[in-house]
>>> print(open('data33.txt').read())   # compact mmCIF, C-alpha atoms
# COMPACT_ATOMS: atom_id res chain seq x y z
CA MET A 1 30.00 -27.29 165.59
CA PRO A 2 29.99 -24.92 168.61
CA THR A 3 32.93 -24.77 170.95
CA LEU A 4 32.40 -25.96 174.50
CA ILE A 5 34.85 -24.94 177.19
CA ALA A 6 34.86 -26.37 180.70
CA HIS A 7 34.68 -23.05 182.62
CA ASN A 8 34.18 -24.80 185.96
CA GLU A 9 36.69 -27.59 186.38
CA PHE A 10 34.58 -29.30 189.04
CA ASN A 11 31.33 -29.30 187.11
CA VAL A 12 31.17 -32.93 185.97
CA TYR A 13 28.68 -32.10 183.22
CA GLU A 14 31.12 -29.63 181.67
CA SER A 15 33.91 -32.23 181.91
CA ALA A 16 31.72 -34.79 180.15
CA GLU A 17 30.80 -32.25 177.45
CA ALA A 18 34.43 -31.25 176.90
CA ARG A 19 35.50 -34.85 176.31
CA PHE A 20 32.55 -35.55 174.03
CA GLU A 21 33.38 -32.47 171.99
CA SER A 22 37.07 -33.39 171.72
CA ALA A 23 36.21 -36.86 170.40
CA ALA A 24 33.47 -35.56 168.08
CA ARG A 25 35.83 -33.01 166.55
CA ARG A 26 38.54 -35.60 166.10
CA ILE A 27 36.30 -37.74 163.88
CA GLY A 28 34.53 -34.84 162.20
CA LEU A 29 31.08 -35.74 163.52
CA GLU A 30 28.55 -33.87 161.44
CA ASP A 31 26.86 -30.93 163.13
CA GLY A 32 23.34 -32.35 163.20
CA LEU A 33 24.42 -35.62 164.82
CA TYR A 34 26.59 -33.67 167.26
CA ARG A 35 23.63 -31.62 168.43
CA PHE A 36 21.33 -34.64 168.67
CA MET A 37 23.81 -36.74 170.66
CA ARG A 38 24.84 -33.91 172.95
CA TYR A 39 21.43 -33.32 174.52
CA PRO A 40 19.45 -35.70 176.76
CA ASN A 41 16.28 -37.31 175.47
CA LYS A 42 14.36 -36.38 178.65
CA GLU A 43 14.94 -34.70 181.99
CA ILE A 44 12.40 -35.40 184.72
CA THR A 45 12.22 -33.61 188.09
CA VAL A 46 9.92 -34.96 190.79
CA TYR A 47 8.99 -33.64 194.21
CA ILE A 48 8.60 -36.45 196.71
CA PRO A 49 6.37 -35.89 199.78
CA VAL A 50 7.33 -38.22 202.63
CA THR A 51 5.99 -38.51 206.14
CA MET A 52 9.00 -38.79 208.42
CA ASP A 53 9.17 -40.97 211.51
CA ASN A 54 8.41 -37.95 213.73
CA GLY A 55 5.19 -37.25 211.81
CA ARG A 56 6.55 -34.21 209.96
CA LEU A 57 5.96 -33.97 206.21
CA GLU A 58 9.16 -33.46 204.19
CA VAL A 59 9.51 -32.92 200.44
CA PHE A 60 12.58 -34.34 198.66
CA ILE A 61 13.68 -33.45 195.13
CA GLY A 62 14.44 -36.27 192.72
CA TYR A 63 15.71 -36.43 189.16
CA ARG A 64 15.81 -38.92 186.29
CA VAL A 65 17.71 -38.00 183.14
CA GLN A 66 17.32 -40.26 180.11
CA HIS A 67 20.18 -39.38 177.80
CA SER A 68 19.74 -41.78 174.88
CA ILE A 69 17.29 -44.38 173.57
CA VAL A 70 19.09 -44.82 170.23
CA ARG A 71 20.60 -48.27 170.90
CA GLY A 72 17.99 -49.62 173.33
CA PRO A 73 16.30 -48.91 176.67
CA CYS A 74 17.96 -46.42 179.00
CA LYS A 75 20.17 -47.86 181.75
CA GLY A 76 21.62 -46.19 184.81
CA GLY A 77 21.74 -46.08 188.58
CA ILE A 78 19.81 -44.19 191.23
CA ARG A 79 21.88 -42.34 193.81
CA PHE A 80 20.73 -40.99 197.17
CA ALA A 81 23.08 -38.25 198.34
CA PRO A 82 22.82 -34.76 199.87
CA ASP A 83 24.85 -33.14 197.08
CA VAL A 84 22.98 -34.57 194.06
CA THR A 85 22.53 -31.93 191.34
CA LEU A 86 20.80 -31.98 187.98
CA ASP A 87 24.13 -31.27 186.24
CA GLU A 88 25.69 -34.26 187.98
CA VAL A 89 22.82 -36.52 186.93
CA ARG A 90 23.05 -35.19 183.35
CA ALA A 91 26.76 -35.98 183.24
CA LEU A 92 26.32 -39.46 184.68
CA ALA A 93 23.50 -40.20 182.22
CA SER A 94 25.67 -39.22 179.25
CA TRP A 95 28.57 -41.27 180.59
CA MET A 96 26.23 -44.25 180.78
CA THR A 97 25.39 -43.84 177.08
CA TRP A 98 29.07 -43.90 176.14
CA LYS A 99 29.84 -46.68 178.62
CA CYS A 100 27.15 -48.98 177.21
CA ALA A 101 28.39 -48.23 173.69
CA VAL A 102 32.04 -48.91 174.59
CA VAL A 103 31.19 -52.41 175.84
CA ASN A 104 28.65 -52.77 173.01
CA ILE A 105 25.55 -53.66 175.01
CA PRO A 106 22.13 -52.59 173.67
CA PHE A 107 21.33 -49.81 176.14
CA GLY A 108 21.39 -46.04 176.20
CA GLY A 109 22.32 -44.00 179.23
CA ALA A 110 20.22 -42.72 182.12
CA LYS A 111 20.78 -41.70 185.72
CA GLY A 112 18.62 -40.84 188.68
CA GLY A 113 19.12 -39.19 192.02
CA VAL A 114 17.32 -37.96 195.11
CA ILE A 115 18.68 -35.14 197.25
CA CYS A 116 18.81 -36.73 200.69
CA ASP A 117 21.34 -38.07 203.18
CA PRO A 118 20.61 -41.79 203.72
CA ARG A 119 22.96 -41.82 206.72
CA LYS A 120 20.51 -39.52 208.54
CA LEU A 121 17.36 -41.38 207.51
CA SER A 122 15.73 -44.44 209.05
CA HIS A 123 15.15 -47.65 207.14
CA GLY A 124 11.46 -46.81 206.87
CA GLU A 125 12.10 -43.26 205.65
CA ILE A 126 14.42 -44.51 202.90
CA GLU A 127 11.79 -47.06 201.85
CA ARG A 128 9.08 -44.38 201.65
CA ILE A 129 11.32 -42.07 199.60
CA THR A 130 12.19 -44.94 197.25
CA ARG A 131 8.61 -46.05 196.74
CA ARG A 132 7.22 -42.55 196.10
CA TYR A 133 10.12 -41.74 193.74
CA THR A 134 9.40 -44.95 191.84
CA ALA A 135 5.67 -44.23 191.71
CA GLU A 136 6.32 -40.75 190.29
CA LEU A 137 8.51 -42.27 187.55
CA SER A 138 6.42 -45.37 186.86
CA ASP A 139 5.29 -44.09 183.45
CA TRP A 140 8.89 -43.44 182.39
CA ILE A 141 10.74 -46.55 183.54
CA GLY A 142 10.31 -50.23 182.69
CA PRO A 143 12.12 -53.17 181.05
CA GLU A 144 11.58 -51.71 177.56
CA ARG A 145 12.08 -48.05 178.54
CA ASP A 146 14.53 -47.37 181.34
CA VAL A 147 16.10 -49.89 183.72
CA PRO A 148 17.51 -48.40 186.96
CA ALA A 149 20.21 -49.95 189.17
CA PRO A 150 21.96 -49.22 192.49
CA ASP A 151 24.42 -46.37 192.82
CA LEU A 152 25.83 -44.21 195.61
CA GLY A 153 23.60 -44.47 198.67
CA THR A 154 21.38 -47.25 197.28
CA ASN A 155 21.70 -51.03 197.27
CA GLU A 156 19.99 -54.36 196.57
CA GLN A 157 17.23 -53.61 199.09
CA THR A 158 16.50 -50.28 197.41
CA MET A 159 16.15 -52.05 194.07
CA ALA A 160 13.79 -54.61 195.63
CA TRP A 161 11.52 -51.74 196.73
CA VAL A 162 11.65 -50.20 193.25
CA MET A 163 10.75 -53.55 191.67
CA ASP A 164 7.90 -54.16 194.11
CA THR A 165 6.45 -50.65 193.74
CA TYR A 166 6.56 -50.79 189.94
CA SER A 167 5.05 -54.28 189.97
CA MET A 168 2.17 -53.12 192.19
CA HIS A 169 1.38 -50.32 189.73
CA TYR A 170 1.33 -52.75 186.80
CA HIS A 171 -0.46 -55.56 188.68
CA HIS A 172 2.08 -58.27 187.94
CA THR A 173 5.65 -59.02 188.98
CA VAL A 174 8.13 -57.26 186.70
CA THR A 175 11.63 -58.39 187.71
CA GLY A 176 13.26 -56.77 184.67
CA VAL A 177 12.43 -53.20 185.71
CA VAL A 178 15.68 -52.91 187.71
CA THR A 179 19.01 -54.68 188.02
CA GLY A 180 21.26 -55.13 191.02
CA LYS A 181 18.42 -56.90 192.85
CA PRO A 182 18.75 -59.67 195.45
CA ILE A 183 19.25 -63.03 193.73
CA ASP A 184 16.02 -64.39 195.24
CA ILE A 185 13.91 -61.90 193.26
CA GLY A 186 15.64 -62.07 189.89
CA GLY A 187 19.12 -60.76 190.58
CA SER A 188 22.14 -62.18 188.81
CA ARG A 189 24.94 -64.14 190.37
CA GLY A 190 28.16 -62.16 190.08
CA ARG A 191 26.43 -58.76 189.86
CA ARG A 192 27.62 -57.49 193.24
CA GLU A 193 31.26 -58.16 192.36
CA ALA A 194 30.98 -57.19 188.69
CA THR A 195 32.34 -53.62 188.75
CA GLY A 196 35.32 -54.59 190.89
CA ARG A 197 35.93 -57.68 188.77
CA GLY A 198 35.85 -55.51 185.64
CA VAL A 199 38.56 -53.31 187.17
CA LEU A 200 40.72 -56.40 187.73
CA LEU A 201 40.18 -57.60 184.16
CA VAL A 202 41.21 -54.33 182.49
CA CYS A 203 44.20 -53.96 184.84
CA ASP A 204 45.27 -57.46 183.82
CA LYS A 205 45.09 -56.36 180.17
CA ALA A 206 47.16 -53.24 180.88
CA VAL A 207 49.78 -55.25 182.78
CA GLU A 208 49.99 -57.71 179.89
CA LYS A 209 50.34 -54.88 177.35
CA LEU A 210 53.07 -53.18 179.37
CA GLY A 211 54.98 -56.42 179.94
CA TRP A 212 54.69 -56.35 183.72
CA LYS A 213 54.04 -59.13 186.23
CA ARG A 214 51.24 -58.96 188.77
CA GLU A 215 53.51 -59.88 191.67
CA SER A 216 55.73 -56.84 191.13
CA THR A 217 52.85 -54.42 190.49
CA ARG A 218 51.95 -52.14 193.38
CA VAL A 219 48.35 -50.91 193.51
CA ILE A 220 46.60 -48.09 195.38
CA VAL A 221 42.80 -48.19 195.65
CA GLN A 222 40.89 -45.11 196.79
CA GLY A 223 37.39 -45.97 197.96
CA PHE A 224 36.41 -48.98 200.05
CA GLY A 225 32.76 -49.40 199.14
CA ASN A 226 31.40 -52.03 196.82
CA VAL A 227 33.69 -51.18 193.89
CA GLY A 228 36.94 -50.36 195.66
CA SER A 229 36.93 -53.07 198.30
CA ILE A 230 36.01 -55.84 195.85
CA ALA A 231 38.53 -54.62 193.27
CA ALA A 232 41.24 -54.54 195.95
CA LEU A 233 40.35 -58.01 197.23
CA LEU A 234 40.22 -59.57 193.76
CA MET A 235 43.49 -57.93 192.74
CA HIS A 236 45.13 -59.13 195.97
CA GLN A 237 43.89 -62.67 195.28
CA ALA A 238 45.28 -62.41 191.73
CA GLY A 239 48.76 -61.59 193.04
CA TYR A 240 48.93 -57.79 192.95
CA LYS A 241 50.45 -55.99 195.93
CA ILE A 242 47.89 -53.59 197.41
CA VAL A 243 49.99 -50.88 199.05
CA GLY A 244 47.40 -48.12 199.52
CA VAL A 245 43.75 -48.15 200.59
CA ALA A 246 41.31 -45.39 201.47
CA ASP A 247 37.74 -44.79 202.53
CA VAL A 248 35.85 -41.55 203.10
CA ALA A 249 37.43 -41.00 206.52
CA GLY A 250 41.10 -41.66 205.78
CA ALA A 251 43.76 -43.78 204.11
CA LEU A 252 46.71 -46.07 204.77
CA TYR A 253 49.87 -46.59 202.73
CA ASN A 254 52.24 -49.49 203.34
CA GLU A 255 54.99 -50.53 200.90
CA ALA A 256 54.85 -54.05 202.33
CA GLY A 257 51.25 -54.41 201.18
CA PHE A 258 48.04 -55.25 203.00
CA ASP A 259 46.35 -58.51 203.91
CA LEU A 260 43.07 -57.74 202.16
CA PRO A 261 40.91 -60.49 203.72
CA LYS A 262 41.85 -59.26 207.20
CA LEU A 263 41.31 -55.63 206.17
CA MET A 264 37.90 -56.49 204.69
CA ASP A 265 36.93 -58.24 207.92
CA TRP A 266 38.10 -55.24 209.97
CA VAL A 267 36.13 -52.70 207.92
CA HIS A 268 33.03 -54.59 206.82
CA ALA A 269 32.47 -57.39 209.35
CA GLN A 270 33.65 -55.48 212.44
CA SER A 271 32.59 -52.00 211.19
CA ARG A 272 35.90 -50.49 212.31
CA PRO A 273 37.57 -47.42 210.74
CA LEU A 274 39.90 -48.36 207.90
CA ALA A 275 42.58 -45.93 209.07
CA GLU A 276 42.75 -47.71 212.46
CA PHE A 277 43.57 -51.12 210.94
CA PRO A 278 46.22 -52.57 213.33
CA ALA A 279 48.51 -53.88 210.57
CA GLY A 280 48.30 -50.58 208.71
CA GLY A 281 51.05 -48.26 207.55
CA THR A 282 51.29 -44.50 207.21
CA ARG A 283 48.04 -42.65 207.77
CA LEU A 284 47.09 -40.18 205.05
CA SER A 285 44.04 -38.32 203.85
CA SER A 286 41.72 -40.07 201.42
CA GLN A 287 42.97 -37.92 198.55
CA GLU A 288 46.66 -37.83 199.47
CA VAL A 289 47.03 -41.60 199.10
CA LEU A 290 46.48 -41.25 195.34
CA PHE A 291 49.87 -39.58 194.95
CA GLN A 292 52.04 -42.18 196.68
CA PRO A 293 54.46 -44.48 194.78
CA CYS A 294 52.78 -47.32 192.87
CA GLU A 295 52.37 -48.80 189.41
CA ILE A 296 48.54 -48.70 189.28
CA VAL A 297 46.24 -46.22 190.99
CA VAL A 298 42.51 -46.97 191.12
CA PRO A 299 40.36 -44.01 192.19
CA ALA A 300 37.08 -45.77 193.02
CA ALA A 301 35.39 -43.23 195.27
CA ILE A 302 33.87 -39.99 193.96
CA GLU A 303 34.33 -37.43 191.19
CA ASN A 304 37.02 -34.76 190.81
CA GLN A 305 39.83 -36.35 192.83
CA ILE A 306 42.57 -35.71 190.26
CA THR A 307 42.58 -32.10 189.07
CA SER A 308 44.73 -29.58 187.22
CA GLU A 309 46.15 -28.61 190.63
CA ASN A 310 47.38 -32.06 191.69
CA ALA A 311 47.65 -34.28 188.57
CA HIS A 312 51.39 -33.52 188.30
CA ARG A 313 51.87 -35.34 191.62
CA LEU A 314 50.71 -38.74 190.31
CA GLN A 315 53.46 -41.35 190.54
CA ALA A 316 51.47 -44.23 189.04
CA ARG A 317 52.09 -45.45 185.51
CA VAL A 318 48.52 -46.72 185.04
CA LEU A 319 45.38 -44.82 186.05
CA CYS A 320 42.34 -47.12 186.20
CA GLU A 321 39.17 -45.18 186.92
CA GLY A 322 36.91 -47.31 189.09
CA ALA A 323 34.71 -44.29 189.87
CA ASN A 324 32.83 -42.07 187.44
CA GLY A 325 34.71 -38.86 186.64
CA PRO A 326 37.55 -39.10 189.19
CA CYS A 327 39.81 -37.09 186.86
CA THR A 328 38.67 -33.67 185.64
CA ALA A 329 38.82 -32.74 181.97
CA MET A 330 41.35 -30.01 182.76
CA ALA A 331 43.67 -32.63 184.29
CA ASP A 332 43.66 -34.84 181.18
CA GLU A 333 46.47 -33.00 179.39
CA ILE A 334 48.73 -33.19 182.44
CA VAL A 335 48.07 -36.92 182.84
CA ASP A 336 48.76 -37.50 179.14
CA LYS A 337 52.01 -35.51 179.22
CA LYS A 338 53.23 -37.65 182.11
CA GLY A 339 52.80 -40.71 179.88
CA ILE A 340 50.32 -42.37 182.21
CA PHE A 341 48.36 -45.22 180.63
CA VAL A 342 44.72 -44.31 181.33
CA ILE A 343 41.91 -46.85 181.51
CA PRO A 344 38.99 -44.38 181.41
CA ASP A 345 35.91 -44.71 183.55
CA ILE A 346 33.59 -45.52 180.64
CA LEU A 347 35.66 -48.68 180.15
CA ALA A 348 37.20 -49.38 183.56
CA ASN A 349 33.99 -49.49 185.60
CA ALA A 350 31.75 -50.91 182.87
CA GLY A 351 31.72 -54.37 184.47
CA GLY A 352 28.72 -53.36 186.56
CA VAL A 353 26.50 -52.31 183.68
CA THR A 354 27.66 -55.32 181.65
CA VAL A 355 26.44 -57.78 184.28
CA SER A 356 23.35 -55.61 184.78
CA TYR A 357 22.69 -56.29 181.10
CA PHE A 358 23.17 -60.00 181.77
CA GLU A 359 20.69 -59.73 184.66
CA TRP A 360 18.13 -57.99 182.42
CA VAL A 361 18.56 -60.73 179.80
CA GLN A 362 18.10 -63.47 182.42
CA ASP A 363 14.99 -61.79 183.84
CA ARG A 364 13.45 -61.54 180.38
CA GLN A 365 14.27 -65.18 179.62
CA GLY A 366 13.24 -66.46 183.04
CA TYR A 367 16.42 -68.54 182.96
CA PHE A 368 19.40 -67.84 185.20
CA TRP A 369 23.08 -68.56 184.65
CA ARG A 370 25.72 -70.01 186.93
CA GLU A 371 28.20 -67.50 188.37
CA ARG A 372 31.05 -69.04 186.38
CA GLU A 373 29.14 -68.40 183.16
CA VAL A 374 28.45 -64.79 184.18
CA ASN A 375 32.12 -64.20 184.95
CA GLU A 376 33.28 -65.82 181.71
CA ARG A 377 30.94 -63.65 179.66
CA LEU A 378 32.07 -60.55 181.58
CA LYS A 379 35.72 -61.42 180.88
CA ASP A 380 35.02 -61.73 177.15
CA VAL A 381 33.27 -58.35 177.04
CA MET A 382 35.84 -56.44 179.11
CA GLU A 383 38.87 -57.85 177.30
CA HIS A 384 37.43 -57.27 173.85
CA SER A 385 36.39 -53.72 174.79
CA PHE A 386 39.88 -52.96 176.15
CA ASP A 387 41.42 -54.16 172.89
CA GLU A 388 38.99 -52.04 170.85
CA VAL A 389 39.76 -48.88 172.85
CA VAL A 390 43.52 -49.39 172.50
CA ARG A 391 43.09 -50.06 168.78
CA TYR A 392 41.13 -46.83 168.35
CA ALA A 393 43.78 -44.93 170.31
CA GLU A 394 46.45 -46.18 167.92
CA ILE A 395 44.36 -45.58 164.77
CA HIS A 396 43.41 -42.01 165.73
CA SER A 397 46.66 -41.13 167.60
CA VAL A 398 44.73 -40.08 170.70
CA SER A 399 44.66 -40.98 174.38
CA ASN A 400 42.74 -44.02 175.55
CA ARG A 401 40.11 -41.71 177.03
CA ILE A 402 39.36 -39.91 173.78
CA ALA A 403 39.59 -43.25 171.93
CA ALA A 404 36.86 -44.67 174.18
CA TYR A 405 34.63 -41.69 173.40
CA ILE A 406 35.34 -42.02 169.66
CA LEU A 407 34.45 -45.72 169.77
CA ALA A 408 31.22 -44.95 171.65
CA ILE A 409 30.24 -42.04 169.40
CA ASP A 410 30.92 -44.14 166.31
CA ARG A 411 28.58 -46.87 167.54
CA VAL A 412 25.77 -44.52 168.56
CA ALA A 413 26.08 -42.42 165.38
CA SER A 414 26.04 -45.53 163.20
CA VAL A 415 22.76 -46.74 164.74
CA LEU A 416 21.27 -43.24 164.59
CA LYS A 417 22.02 -42.98 160.86
CA LEU A 418 20.45 -46.40 160.24
CA ARG A 419 17.32 -45.52 162.19
CA GLY A 420 17.00 -41.99 160.84
CA ILE A 421 15.10 -39.14 162.51
CA TYR A 422 11.36 -39.56 163.03
CA ALA A 423 9.56 -36.30 162.19
>>> encode(input="data33.txt", output="structure tokens")
Amino acid sequence: MPTLIAHNEFNVYESAEARFESAARRIGLEDGLYRFMRYPNKEITVYIPVTMDNGRLEVFIGYRVQHSIVRGPCKGGIRFAPDVTLDEVRALASWMTWKCAVVNIPFGGAKGGVICDPRKLSHGEIERITRRYTAELSDWIGPERDVPAPDLGTNEQTMAWVMDTYSMHYHHTVTGVVTGKPIDIGGSRGRREATGRGVLLVCDKAVEKLGWKRESTRVIVQGFGNVGSIAALLMHQAGYKIVGVADVAGALYNEAGFDLPKLMDWVHAQSRPLAEFPAGGTRLSSQEVLFQPCEIVVPAAIENQITSENAHRLQARVLCEGANGPCTAMADEIVDKKGIFVIPDILANAGGVTVSYFEWVQDRQGYFWREREVNERLKDVMEHSFDEVVRYAEIHSVSNRIAAYILAIDRVASVLKLRGIYA
């Protein structure tokens, strides 16, 4: 088995590869399976011509990486961002494979992205980009092939456009082509809150394991988008003390805790800057808040926030990764040496893909569940997956992160051996 070294700490693909290799070596994964599971199944690059509002023709670059079809159709979000790279999409696609395997849902991983800045585009321009991107990929996606979902820079409306465009190409309504849709066109109740709810559920399990009480557990949440704000609100409602919050523009830290409903109203309903919240505390940068005193820190923003240069500054005892790849591979050893209990991203933020799976099932059945049923099923999946990861960590004497990868690799390798290689 070749040796992979993360030469560039901030290359998320190299971080993903380094962790996969560490887990594969630990369990002695045979060389052929290692090579097969390491590489994506397909990488697709598309060039998207779009007429802008001013009449000028612009060409955007889009990607879709399908990492694995071993356990079922591919599954993964579409992100619109100016800094999207093929390496980033590769890494996110592989993480989706391992994430789906950790929570044991019958999907493989995929990811898509378009290099654009949605903040600088009109509603109509975003729609035209979305529809042409979907049309270019229409032969490669579908309920049995690859099921996209929202991600950074996309939302329920974006998914509605994807669903409509795909349906027009196939001449009938295909609700199961995407998840994260509006409820009126086949979306699932509970999907919008699912990732944040999953964060709450695994934090509850960690608190129970460590013998803590919610009321005396201080939490810092970095990121105030869909994942971070909902996780913070749900944890506040459950009794946790939210002492630190951050969005892209800044952060606040207050030992007395925040009134999350009022903060949510300030940021989302009134569209005011988080750092200007009147009942706030000490103003900090978005990254600096991660290193303030607390019991649980939840990085739920972007990649590479905790690195080999700053990991020693963490004061939290639990690191729950609401974002994908917030901790670099080179920081893992430092975090482990500090004795921090890590809930890795491929477990911590898997609530979203779990309820996306529920949405896909409901679309295919044409029968939709009550929100309480969705949440109960999510709770069962997240709690069982947490227990499995901790069990693997104890069996193999490894960190929770490597245990999660071992669990995922075991499940994918087992199915691959049963299916065999078609040649």
>>> atom_distance(input="data33.txt", atom1="CA of Val398 in chain A", atom2="CA of Gly108 in chain A")
24.7 Å
>>> closest_residue(input="data33.txt", among="A:Lys213, A:Gly239, A:Asp363, A:Val12", to="Thr328 in chain A", atoms="only C-alpha atoms")
A:Val12
>>> atom_distance(input="data33.txt", atom1="CA of Asp336 in chain A", atom2="CA of Thr97 in chain A")
24.3 Å
>>> closest_atom_pairs(input="data33.txt", of="range 323-383 of chain A", to="range 133-150 of chain A", cutoff="9 Å", atoms="only C-alpha atoms", output="CSV")
residue,atom,partner,partner_atom,distance
A:Val353,CA,A:Ala149,CA,8.7
A:Ser356,CA,A:Ala149,CA,7.8
A:Trp360,CA,A:Pro143,CA,7.8
A:Arg364,CA,A:Pro143,CA,8.5
>>> residues_around(input="data33.txt", residues="Gly322 in chain A", least_positions_apart="2", cutoff="7 Å", atoms="only C-alpha atoms", output="PyMOL selection string")
chain A and resi 199+227+298-300+320+324+345+348-349
>>> closest_atom_pairs(input="data33.txt", of="range 340-364 of chain A", to="range 100-107 of chain A", cutoff="8 Å", atoms="all atoms listed in the file", output="Markdown table")
| residue | atom | partner | partner_atom | distance |
| --- | --- | --- | --- | --- |
| A:Ile346 | CA | A:Val102 | CA | 7.1 |
| A:Leu347 | CA | A:Val102 | CA | 6.6 |
| A:Ala350 | CA | A:Val103 | CA | 7.2 |
| A:Val353 | CA | A:Cys100 | CA | 7.3 |
| A:Thr354 | CA | A:Ile105 | CA | 7.2 |
| A:Tyr357 | CA | A:Ile105 | CA | 7.2 |
>>> atom_distance(input="data33.txt", atom1="CA of Glu359 in chain A", atom2="CA of Ile126 in chain A")
24.6 Å
>>> closest_residue(input="data33.txt", among="A:Cys327, A:Cys74, A:Ala232, A:Ala279", to="Glu309 in chain A", atoms="all atoms listed in the file")
A:Cys327
>>> residues_around(input="data33.txt", residues="range 84-92 of chain A", least_positions_apart="3", cutoff="9 Å", atoms="all atoms listed in the file", output="PyMOL selection string")
chain A and resi 11-17+40+43+45+62-67+76-77+79-81+95-97+109-116+324-325
>>> closest_residue(input="data33.txt", among="A:Ala323, A:Val59, A:Val207, A:Val248", to="Ser285 in chain A", atoms="all atoms listed in the file")
A:Val248
>>> residues_around(input="data33.txt", residues="Val267 in chain A", least_positions_apart="2", cutoff="12 Å", atoms="all atoms listed in the file", output="PyMOL selection string")
chain A and resi 224-225+229+245-247+249+260-265+269-278
